[in-house]
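See structure below.
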Amino acid sequence: MKNTMESLDQMEFDTLISVIRETRGIDFSDYAMSSLRRRFIRFMTMNNLGDPAELAWKIRYDNAYADYFVKEITVNVTEMFRDPSFWSLLRDNILPDLINYPVIRIWHAACSTGQEVYSMAILLNELGVLHKARIMATDINSNVLKTAQKGIFRLNHQELNLKNYNSFGGKKELDEYYTVSGSEVVYDPQLISNVEFRIHDLARDRAFSKFDLILCRNVMIYFNFRLQERVLDIFRESLDKGAYLGIGSKESIEWCKSSRYFQTVSQEEKIYRKL
Amino acid sequence: MKTECKIVIIGGSAGSFTVVRKIISSLPGNYGIPVVLCLHRLRDVRHGFVESLRSSSGPQVIEPLDKEAILPGNIYLCPSNYHLYIEMEGTFALSVDEAENYSRPSINVTFSSAANVFGKSMVGILLSGANSDGAGGICYSGRCGAYTIVQDPDEALFDIMPGKALALCKPDEVLDTDNIITYLKRLTGN
């Protein structure tokens, strides 16, 4: 049995990266190579592509296919209230600090299909401040943003979501926020009435506004040191003094030069505050 | 004489916990080679597992952060609900992409990415398990030049994982727990 890891050498890998950059303007060259490589190979296996040259050709001459490729390469499994203790800490220690602002400005950077956007909206709703939130949800990929905007997710992930919501200690039942339709759950569109969805590529685009809280969880794990550095600079520019940044619990900004502009609020949940 | 070992990767699932504990407590605290443990574990239980693996005398057991440098004297445990990769720069990288063989962390993922970076300087050990994840990865590591050891299926509490590996390829050695420990000690001249 041939292991899939053998079916893509470095040159083929580099070729795919440059074809995507040239045709779709998306640059994967500062991504973490090991996991990107696995996702390229996984894409080829799932789509029965034996030859990387064939994939490169399809990407070059078929824009829709190229977009599909980018979506499959970048989308990741995400959950409602992933790491419930992170969300409890936001509710108990971080948001009380922002709750009296006339407007609470939040950025979900690289929000993918939006599960964290909905989690945040539910959290704000339960604190009674959803109406004064201005939420920006961005991603590199327009397809995932469409899914996020519709708020329709697969039902088979719901068991984990319910469990997360309960350990977070939600005030209601999670199913009060959605309806089930066949094999899908449809979240209440009211939750995102203050959310603006927008294309933004952390590898290419600049800071575009100021925020009181930025969430970018389990995104920087896909980037190398150089790109992590760039992203943290964008966040630094986008946060006012005293504003917050939340990243994944196994991520760290400590290897970045700009980390000196932040103080750690929670080492366990990886919440930082701009100095 | 074979190439100097720079990293040991140990994969295991059901039935591997006591073996891993025994290995950790048998190694000196300043063991000269970094050891990475990729063990299947509950996705939503983030705490307690590291603590349960620690021993008073063995090397410290830690869950690495993304992009943390790999250093000797440490035993690294794959964090729950993440895949653990090794990058060319000698750091770890994490991901939450799709499970492999229903597993995240997946043993195949860690073995394969470590083999891509370390090749002949890696030792891979596959222990007991009731799932086939790990078999492809250790065989791939062997083809990249890694020295491969599979726990003797007769000793393993669950022989599916080591059995699957033996069906796929011939590892360098098939050893029981005590001999795995002896081998690891000899690697650093202890």
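By convention here, the chains of the structure tokens are called A, B, ... in the order presented, each chain's residues are numbered starting at 1, and ligands are numbered starting at 1 in the order presented.
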Within 10 Å of chain B, which residues belong to chain A? Use only C-alpha atoms and report them as a PyMOL selection string.
chain A and resi 1-6+32-39+42+73-78+82-84+160+163-164+218-225+248-255
So which residues of stretch 10-168 of chain B fall under helix (DSSP H, G or I) by DSSP, listed as a PDB file with N, CA and C atoms, in the first residue's frame?
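The resulting file, part_31.pdb, is shown below:
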ATOM      1  N   PHE B  17      -1.502   3.074  27.534  1.00  0.00           N
ATOM      2  CA  PHE B  17      -1.269   4.010  28.636  1.00  0.00           C
ATOM      3  C   PHE B  17      -0.244   3.495  29.662  1.00  0.00           C
ATOM      4  N   THR B  18      -0.437   2.268  30.130  1.00  0.00           N
ATOM      5  CA  THR B  18       0.487   1.750  31.152  1.00  0.00           C
ATOM      6  C   THR B  18       1.886   1.531  30.578  1.00  0.00           C
ATOM      7  N   VAL B  19       1.939   1.164  29.292  1.00  0.00           N
ATOM      8  CA  VAL B  19       3.243   0.983  28.650  1.00  0.00           C
ATOM      9  C   VAL B  19       3.979   2.326  28.612  1.00  0.00           C
ATOM     10  N   VAL B  20       3.254   3.362  28.194  1.00  0.00           N
ATOM     11  CA  VAL B  20       3.854   4.688  28.098  1.00  0.00           C
ATOM     12  C   VAL B  20       4.319   5.173  29.469  1.00  0.00           C
ATOM     13  N   ARG B  21       3.479   4.954  30.478  1.00  0.00           N
ATOM     14  CA  ARG B  21       3.857   5.361  31.841  1.00  0.00           C
ATOM     15  C   ARG B  21       5.134   4.670  32.289  1.00  0.00           C
ATOM     16  N   LYS B  22       5.216   3.385  31.987  1.00  0.00           N
ATOM     17  CA  LYS B  22       6.396   2.624  32.383  1.00  0.00           C
ATOM     18  C   LYS B  22       7.641   3.147  31.658  1.00  0.00           C
ATOM     19  N   ILE B  23       7.472   3.451  30.385  1.00  0.00           N
ATOM     20  CA  ILE B  23       8.608   3.992  29.614  1.00  0.00           C
ATOM     21  C   ILE B  23       9.071   5.320  30.230  1.00  0.00           C
ATOM     22  N   ILE B  24       8.108   6.214  30.480  1.00  0.00           N
ATOM     23  CA  ILE B  24       8.468   7.541  31.012  1.00  0.00           C
ATOM     24  C   ILE B  24       9.190   7.431  32.351  1.00  0.00           C
ATOM     25  N   SER B  25       8.654   6.578  33.225  1.00  0.00           N
ATOM     26  CA  SER B  25       9.257   6.507  34.559  1.00  0.00           C
ATOM     27  C   SER B  25      10.599   5.778  34.538  1.00  0.00           C
ATOM     28  N   SER B  26      10.891   5.078  33.438  1.00  0.00           N
ATOM     29  CA  SER B  26      12.187   4.383  33.358  1.00  0.00           C
ATOM     30  C   SER B  26      13.286   5.246  32.762  1.00  0.00           C
ATOM     31  N   PHE B  49      -4.601  14.645  31.548  1.00  0.00           N
ATOM     32  CA  PHE B  49      -3.874  13.552  30.906  1.00  0.00           C
ATOM     33  C   PHE B  49      -2.365  13.706  31.084  1.00  0.00           C
ATOM     34  N   VAL B  50      -1.874  14.903  30.867  1.00  0.00           N
ATOM     35  CA  VAL B  50      -0.444  15.168  31.059  1.00  0.00           C
ATOM     36  C   VAL B  50      -0.041  14.807  32.484  1.00  0.00           C
ATOM     37  N   GLU B  51      -0.839  15.293  33.428  1.00  0.00           N
ATOM     38  CA  GLU B  51      -0.549  15.044  34.850  1.00  0.00           C
ATOM     39  C   GLU B  51      -0.462  13.541  35.122  1.00  0.00           C
ATOM     40  N   SER B  52      -1.375  12.779  34.515  1.00  0.00           N
ATOM     41  CA  SER B  52      -1.413  11.346  34.796  1.00  0.00           C
ATOM     42  C   SER B  52      -0.207  10.622  34.198  1.00  0.00           C
ATOM     43  N   LEU B  53       0.462  11.251  33.246  1.00  0.00           N
ATOM     44  CA  LEU B  53       1.629  10.601  32.633  1.00  0.00           C
ATOM     45  C   LEU B  53       2.933  10.976  33.326  1.00  0.00           C
ATOM     46  N   ILE B 107      -2.020   9.390  14.635  1.00  0.00           N
ATOM     47  CA  ILE B 107      -0.641   8.896  14.760  1.00  0.00           C
ATOM     48  C   ILE B 107       0.038   8.910  13.385  1.00  0.00           C
ATOM     49  N   ASN B 108      -0.718   8.575  12.337  1.00  0.00           N
ATOM     50  CA  ASN B 108      -0.148   8.615  10.972  1.00  0.00           C
ATOM     51  C   ASN B 108       0.391   9.995  10.640  1.00  0.00           C
ATOM     52  N   VAL B 109      -0.371  11.028  11.004  1.00  0.00           N
ATOM     53  CA  VAL B 109       0.034  12.400  10.683  1.00  0.00           C
ATOM     54  C   VAL B 109       1.365  12.740  11.358  1.00  0.00           C
ATOM     55  N   THR B 110       1.471  12.446  12.646  1.00  0.00           N
ATOM     56  CA  THR B 110       2.700  12.789  13.373  1.00  0.00           C
ATOM     57  C   THR B 110       3.890  11.972  12.868  1.00  0.00           C
ATOM     58  N   PHE B 111       3.689  10.668  12.706  1.00  0.00           N
ATOM     59  CA  PHE B 111       4.776   9.823  12.183  1.00  0.00           C
ATOM     60  C   PHE B 111       5.257  10.326  10.823  1.00  0.00           C
ATOM     61  N   SER B 112       4.316  10.569   9.917  1.00  0.00           N
ATOM     62  CA  SER B 112       4.705  10.932   8.553  1.00  0.00           C
ATOM     63  C   SER B 112       5.433  12.264   8.514  1.00  0.00           C
ATOM     64  N   SER B 113       4.917  13.255   9.239  1.00  0.00           N
ATOM     65  CA  SER B 113       5.571  14.560   9.150  1.00  0.00           C
ATOM     66  C   SER B 113       6.932  14.529   9.844  1.00  0.00           C
ATOM     67  N   ALA B 114       7.068  13.750  10.910  1.00  0.00           N
ATOM     68  CA  ALA B 114       8.370  13.625  11.576  1.00  0.00           C
ATOM     69  C   ALA B 114       9.360  12.922  10.647  1.00  0.00           C
ATOM     70  N   ALA B 115       8.874  11.905   9.946  1.00  0.00           N
ATOM     71  CA  ALA B 115       9.761  11.163   9.041  1.00  0.00           C
ATOM     72  C   ALA B 115      10.222  12.043   7.883  1.00  0.00           C
ATOM     73  N   ASN B 116       9.331  12.910   7.402  1.00  0.00           N
ATOM     74  CA  ASN B 116       9.713  13.830   6.322  1.00  0.00           C
ATOM     75  C   ASN B 116      10.846  14.750   6.753  1.00  0.00           C
ATOM     76  N   VAL B 117      10.865  15.121   8.030  1.00  0.00           N
ATOM     77  CA  VAL B 117      11.886  16.047   8.512  1.00  0.00           C
ATOM     78  C   VAL B 117      13.131  15.304   9.000  1.00  0.00           C
ATOM     79  N   PHE B 118      12.948  14.255   9.776  1.00  0.00           N
ATOM     80  CA  PHE B 118      14.089  13.611  10.434  1.00  0.00           C
ATOM     81  C   PHE B 118      14.629  12.373   9.715  1.00  0.00           C
ATOM     82  N   GLY B 119      13.813  11.710   8.930  1.00  0.00           N
ATOM     83  CA  GLY B 119      14.283  10.532   8.183  1.00  0.00           C
ATOM     84  C   GLY B 119      15.074   9.561   9.037  1.00  0.00           C
ATOM     85  N   LYS B 120      16.341   9.362   8.673  1.00  0.00           N
ATOM     86  CA  LYS B 120      17.183   8.357   9.358  1.00  0.00           C
ATOM     87  C   LYS B 120      17.468   8.709  10.810  1.00  0.00           C
ATOM     88  N   SER B 121      17.281   9.986  11.176  1.00  0.00           N
ATOM     89  CA  SER B 121      17.580  10.378  12.559  1.00  0.00           C
ATOM     90  C   SER B 121      16.394  10.196  13.487  1.00  0.00           C
ATOM     91  N   ALA B 135      -0.393   2.494  11.707  1.00  0.00           N
ATOM     92  CA  ALA B 135       0.272   1.440  10.931  1.00  0.00           C
ATOM     93  C   ALA B 135       0.887   2.016   9.657  1.00  0.00           C
ATOM     94  N   GLY B 136       0.085   2.769   8.887  1.00  0.00           N
ATOM     95  CA  GLY B 136       0.607   3.383   7.660  1.00  0.00           C
ATOM     96  C   GLY B 136       1.745   4.335   7.961  1.00  0.00           C
ATOM     97  N   GLY B 137       1.604   5.087   9.049  1.00  0.00           N
ATOM     98  CA  GLY B 137       2.599   6.093   9.409  1.00  0.00           C
ATOM     99  C   GLY B 137       3.934   5.490   9.794  1.00  0.00           C
ATOM    100  N   ILE B 138       3.916   4.399  10.552  1.00  0.00           N
ATOM    101  CA  ILE B 138       5.210   3.837  10.968  1.00  0.00           C
ATOM    102  C   ILE B 138       5.895   3.160   9.769  1.00  0.00           C
ATOM    103  N   CYS B 139       5.100   2.576   8.888  1.00  0.00           N
ATOM    104  CA  CYS B 139       5.692   1.946   7.699  1.00  0.00           C
ATOM    105  C   CYS B 139       6.293   3.009   6.789  1.00  0.00           C
ATOM    106  N   TYR B 140       5.574   4.140   6.638  1.00  0.00           N
ATOM    107  CA  TYR B 140       6.103   5.247   5.844  1.00  0.00           C
ATOM    108  C   TYR B 140       7.412   5.763   6.452  1.00  0.00           C
ATOM    109  N   SER B 141       7.447   5.886   7.790  1.00  0.00           N
ATOM    110  CA  SER B 141       8.667   6.335   8.470  1.00  0.00           C
ATOM    111  C   SER B 141       9.832   5.408   8.145  1.00  0.00           C
ATOM    112  N   GLY B 142       9.549   4.113   8.152  1.00  0.00           N
ATOM    113  CA  GLY B 142      10.583   3.130   7.829  1.00  0.00           C
ATOM    114  C   GLY B 142      11.126   3.364   6.426  1.00  0.00           C
ATOM    115  N   ARG B 143      10.220   3.646   5.482  1.00  0.00           N
ATOM    116  CA  ARG B 143      10.674   3.890   4.110  1.00  0.00           C
ATOM    117  C   ARG B 143      11.475   5.179   3.998  1.00  0.00           C
ATOM    118  N   ILE B 160      -4.573  -4.940  17.440  1.00  0.00           N
ATOM    119  CA  ILE B 160      -4.981  -4.519  16.093  1.00  0.00           C
ATOM    120  C   ILE B 160      -3.965  -3.556  15.476  1.00  0.00           C
ATOM    121  N   MET B 161      -3.568  -2.538  16.257  1.00  0.00           N
ATOM    122  CA  MET B 161      -2.659  -1.532  15.711  1.00  0.00           C
ATOM    123  C   MET B 161      -1.278  -2.121  15.374  1.00  0.00           C
ATOM    124  N   PRO B 162      -0.620  -2.792  16.359  1.00  0.00           N
ATOM    125  CA  PRO B 162       0.675  -3.394  15.990  1.00  0.00           C
ATOM    126  C   PRO B 162       0.513  -4.479  14.924  1.00  0.00           C
ATOM    127  N   GLY B 163      -0.576  -5.225  14.986  1.00  0.00           N
ATOM    128  CA  GLY B 163      -0.808  -6.293  14.006  1.00  0.00           C
ATOM    129  C   GLY B 163      -0.935  -5.727  12.602  1.00  0.00           C
ATOM    130  N   LYS B 164      -1.664  -4.598  12.494  1.00  0.00           N
ATOM    131  CA  LYS B 164      -1.858  -3.962  11.188  1.00  0.00           C
ATOM    132  C   LYS B 164      -0.523  -3.482  10.621  1.00  0.00           C
ATOM    133  N   ALA B 165       0.328  -2.946  11.517  1.00  0.00           N
ATOM    134  CA  ALA B 165       1.646  -2.480  11.067  1.00  0.00           C
ATOM    135  C   ALA B 165       2.469  -3.660  10.545  1.00  0.00           C
ATOM    136  N   LEU B 166       2.424  -4.771  11.265  1.00  0.00           N
ATOM    137  CA  LEU B 166       3.213  -5.939  10.850  1.00  0.00           C
ATOM    138  C   LEU B 166       2.692  -6.523   9.541  1.00  0.00           C
ATOM    139  N   ALA B 167       1.394  -6.335   9.296  1.00  0.00           N
ATOM    140  CA  ALA B 167       0.833  -6.828   8.038  1.00  0.00           C
ATOM    141  C   ALA B 167       1.250  -5.939   6.866  1.00  0.00           C
ATOM    142  N   LEU B 168       1.509  -4.653   7.166  1.00  0.00           N
ATOM    143  CA  LEU B 168       1.852  -3.695   6.101  1.00  0.00           C
ATOM    144  C   LEU B 168       3.326  -3.681   5.745  1.00  0.00           C
TER     145      LEU B 168
END
Which polymer residues have any atom within 8 Å of an atom of B:Leu27, counting only C-alpha atoms, with same-chain residues fewer than 2 positions away left out, as a PDB file with N, CA and C atoms, in the first residue's frame?
ATOM      1  N   ILE B  23       7.472   3.451  30.385  1.00  0.00           N
ATOM      2  CA  ILE B  23       8.608   3.992  29.614  1.00  0.00           C
ATOM      3  C   ILE B  23       9.071   5.320  30.230  1.00  0.00           C
ATOM      4  N   ILE B  24       8.108   6.214  30.480  1.00  0.00           N
ATOM      5  CA  ILE B  24       8.468   7.541  31.012  1.00  0.00           C
ATOM      6  C   ILE B  24       9.190   7.431  32.351  1.00  0.00           C
ATOM      7  N   SER B  25       8.654   6.578  33.225  1.00  0.00           N
ATOM      8  CA  SER B  25       9.257   6.507  34.559  1.00  0.00           C
ATOM      9  C   SER B  25      10.599   5.778  34.538  1.00  0.00           C
ATOM     10  N   GLY B  29      15.595  11.842  33.959  1.00  0.00           N
ATOM     11  CA  GLY B  29      15.007  13.172  33.801  1.00  0.00           C
ATOM     12  C   GLY B  29      15.676  14.009  32.722  1.00  0.00           C
ATOM     13  N   TYR B  31      16.958  12.863  29.884  1.00  0.00           N
ATOM     14  CA  TYR B  31      17.073  12.030  28.684  1.00  0.00           C
ATOM     15  C   TYR B  31      17.438  12.894  27.484  1.00  0.00           C
ATOM     16  N   SER B  57      10.592  10.958  38.539  1.00  0.00           N
ATOM     17  CA  SER B  57      11.995  10.856  38.133  1.00  0.00           C
ATOM     18  C   SER B  57      12.214  11.088  36.643  1.00  0.00           C
ATOM     19  N   GLY B  58      11.239  10.792  35.815  1.00  0.00           N
ATOM     20  CA  GLY B  58      11.425  10.849  34.364  1.00  0.00           C
ATOM     21  C   GLY B  58      11.473  12.267  33.831  1.00  0.00           C
ATOM     22  N   PRO B  59      11.687  12.416  32.525  1.00  0.00           N
ATOM     23  CA  PRO B  59      11.691  13.744  31.905  1.00  0.00           C
ATOM     24  C   PRO B  59      10.321  14.399  32.087  1.00  0.00           C
ATOM     25  N   ILE B 181      12.248  -0.267  26.482  1.00  0.00           N
ATOM     26  CA  ILE B 181      12.917   0.602  27.452  1.00  0.00           C
ATOM     27  C   ILE B 181      14.439   0.446  27.360  1.00  0.00           C
ATOM     28  N   LYS B 185      17.095   3.409  26.383  1.00  0.00           N
ATOM     29  CA  LYS B 185      18.203   3.806  27.272  1.00  0.00           C
ATOM     30  C   LYS B 185      19.528   3.705  26.545  1.00  0.00           C
TER      31      LYS B 185
END
Distance query stretch 96-111 of chain A at most 10 Å, only C-alpha atoms, self and fewer than 6 positions along chain excluded, as a ChimeraX atom specification:
/A:74-75,78,90,117,120,124,127-141,144-145,148,195-202,209-220,231,235,238-239,242-246
With C-alpha atoms retained, export the selected residues as a PDB file, in the first residue's frame.
ATOM      1  CA  THR A  74      -8.486  26.387   3.845  1.00  0.00           C
ATOM      2  CA  VAL A  75     -11.759  25.365   5.460  1.00  0.00           C
ATOM      3  CA  THR A  78     -14.972  24.358  13.531  1.00  0.00           C
ATOM      4  CA  LEU A  90     -14.866  35.954  27.842  1.00  0.00           C
ATOM      5  CA  VAL A 117     -19.478  34.385  15.038  1.00  0.00           C
ATOM      6  CA  MET A 120     -20.228  35.264  20.087  1.00  0.00           C
ATOM      7  CA  LEU A 124     -23.646  38.841  23.622  1.00  0.00           C
ATOM      8  CA  LEU A 127     -25.466  39.427  28.243  1.00  0.00           C
ATOM      9  CA  GLY A 128     -28.135  41.678  26.740  1.00  0.00           C
ATOM     10  CA  VAL A 129     -25.702  43.694  24.622  1.00  0.00           C
ATOM     11  CA  LEU A 130     -26.027  42.144  21.171  1.00  0.00           C
ATOM     12  CA  HIS A 131     -27.884  45.223  19.897  1.00  0.00           C
ATOM     13  CA  LYS A 132     -24.881  47.457  20.445  1.00  0.00           C
ATOM     14  CA  ALA A 133     -22.281  45.141  18.976  1.00  0.00           C
ATOM     15  CA  ARG A 134     -20.711  45.908  15.591  1.00  0.00           C
ATOM     16  CA  ILE A 135     -19.188  42.695  14.400  1.00  0.00           C
ATOM     17  CA  MET A 136     -16.895  42.246  11.425  1.00  0.00           C
ATOM     18  CA  ALA A 137     -16.441  38.692  10.197  1.00  0.00           C
ATOM     19  CA  THR A 138     -13.776  38.191   7.556  1.00  0.00           C
ATOM     20  CA  ASP A 139     -12.283  35.337   5.635  1.00  0.00           C
ATOM     21  CA  ILE A 140     -10.122  34.758   2.592  1.00  0.00           C
ATOM     22  CA  ASN A 141     -12.869  32.743   0.927  1.00  0.00           C
ATOM     23  CA  VAL A 144     -17.352  30.075   3.502  1.00  0.00           C
ATOM     24  CA  LEU A 145     -18.623  33.600   4.137  1.00  0.00           C
ATOM     25  CA  ALA A 148     -21.652  31.875   7.554  1.00  0.00           C
ATOM     26  CA  VAL A 195     -22.535  41.369  11.554  1.00  0.00           C
ATOM     27  CA  GLU A 196     -20.802  42.477   8.390  1.00  0.00           C
ATOM     28  CA  PHE A 197     -19.155  39.738   6.342  1.00  0.00           C
ATOM     29  CA  ARG A 198     -16.205  40.782   4.256  1.00  0.00           C
ATOM     30  CA  ILE A 199     -13.339  39.241   2.276  1.00  0.00           C
ATOM     31  CA  HIS A 200      -9.976  39.802   3.943  1.00  0.00           C
ATOM     32  CA  ASP A 201      -6.731  37.910   3.433  1.00  0.00           C
ATOM     33  CA  LEU A 202      -4.455  38.048   6.470  1.00  0.00           C
ATOM     34  CA  SER A 209     -10.614  49.430  11.273  1.00  0.00           C
ATOM     35  CA  LYS A 210     -10.302  49.590  15.070  1.00  0.00           C
ATOM     36  CA  PHE A 211     -11.736  47.003  17.442  1.00  0.00           C
ATOM     37  CA  ASP A 212     -12.270  46.351  21.144  1.00  0.00           C
ATOM     38  CA  LEU A 213     -11.883  42.605  20.736  1.00  0.00           C
ATOM     39  CA  ILE A 214     -10.388  40.440  18.020  1.00  0.00           C
ATOM     40  CA  LEU A 215     -10.897  36.697  17.870  1.00  0.00           C
ATOM     41  CA  CYS A 216      -8.600  34.701  15.624  1.00  0.00           C
ATOM     42  CA  ARG A 217      -8.608  31.200  17.015  1.00  0.00           C
ATOM     43  CA  ASN A 218      -6.759  28.284  15.477  1.00  0.00           C
ATOM     44  CA  VAL A 219      -5.843  30.307  12.425  1.00  0.00           C
ATOM     45  CA  MET A 220      -2.222  31.258  13.068  1.00  0.00           C
ATOM     46  CA  VAL A 231      -0.812  38.968  11.369  1.00  0.00           C
ATOM     47  CA  PHE A 235      -3.945  43.046  15.055  1.00  0.00           C
ATOM     48  CA  SER A 238      -6.434  47.230  14.751  1.00  0.00           C
ATOM     49  CA  LEU A 239      -6.667  47.319  18.541  1.00  0.00           C
ATOM     50  CA  GLY A 242      -6.522  48.106  26.435  1.00  0.00           C
ATOM     51  CA  ALA A 243      -8.399  46.148  23.750  1.00  0.00           C
ATOM     52  CA  TYR A 244      -8.357  42.354  23.688  1.00  0.00           C
ATOM     53  CA  LEU A 245      -7.102  39.572  21.448  1.00  0.00           C
ATOM     54  CA  GLY A 246      -8.135  35.937  21.791  1.00  0.00           C
TER      55      GLY A 246
END
List as a ChimeraX atom specification the protein and nucleic acid residues near B:Asp159, meaning an atom at most 9 Å away when only C-alpha atoms are counted, but skip any in the same chain fewer than 4 places from it.
/B:127-130,151-155,163-164
Choose the residue, out of B:Leu187, B:Ala14, B:Val61, B:Leu126, that has the smallest atom-to-atom separation from B:Val174; count only C-alpha atoms.
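Once distances to B:Val174 are computed over only C-alpha atoms, the minimum belongs to B:Leu126.
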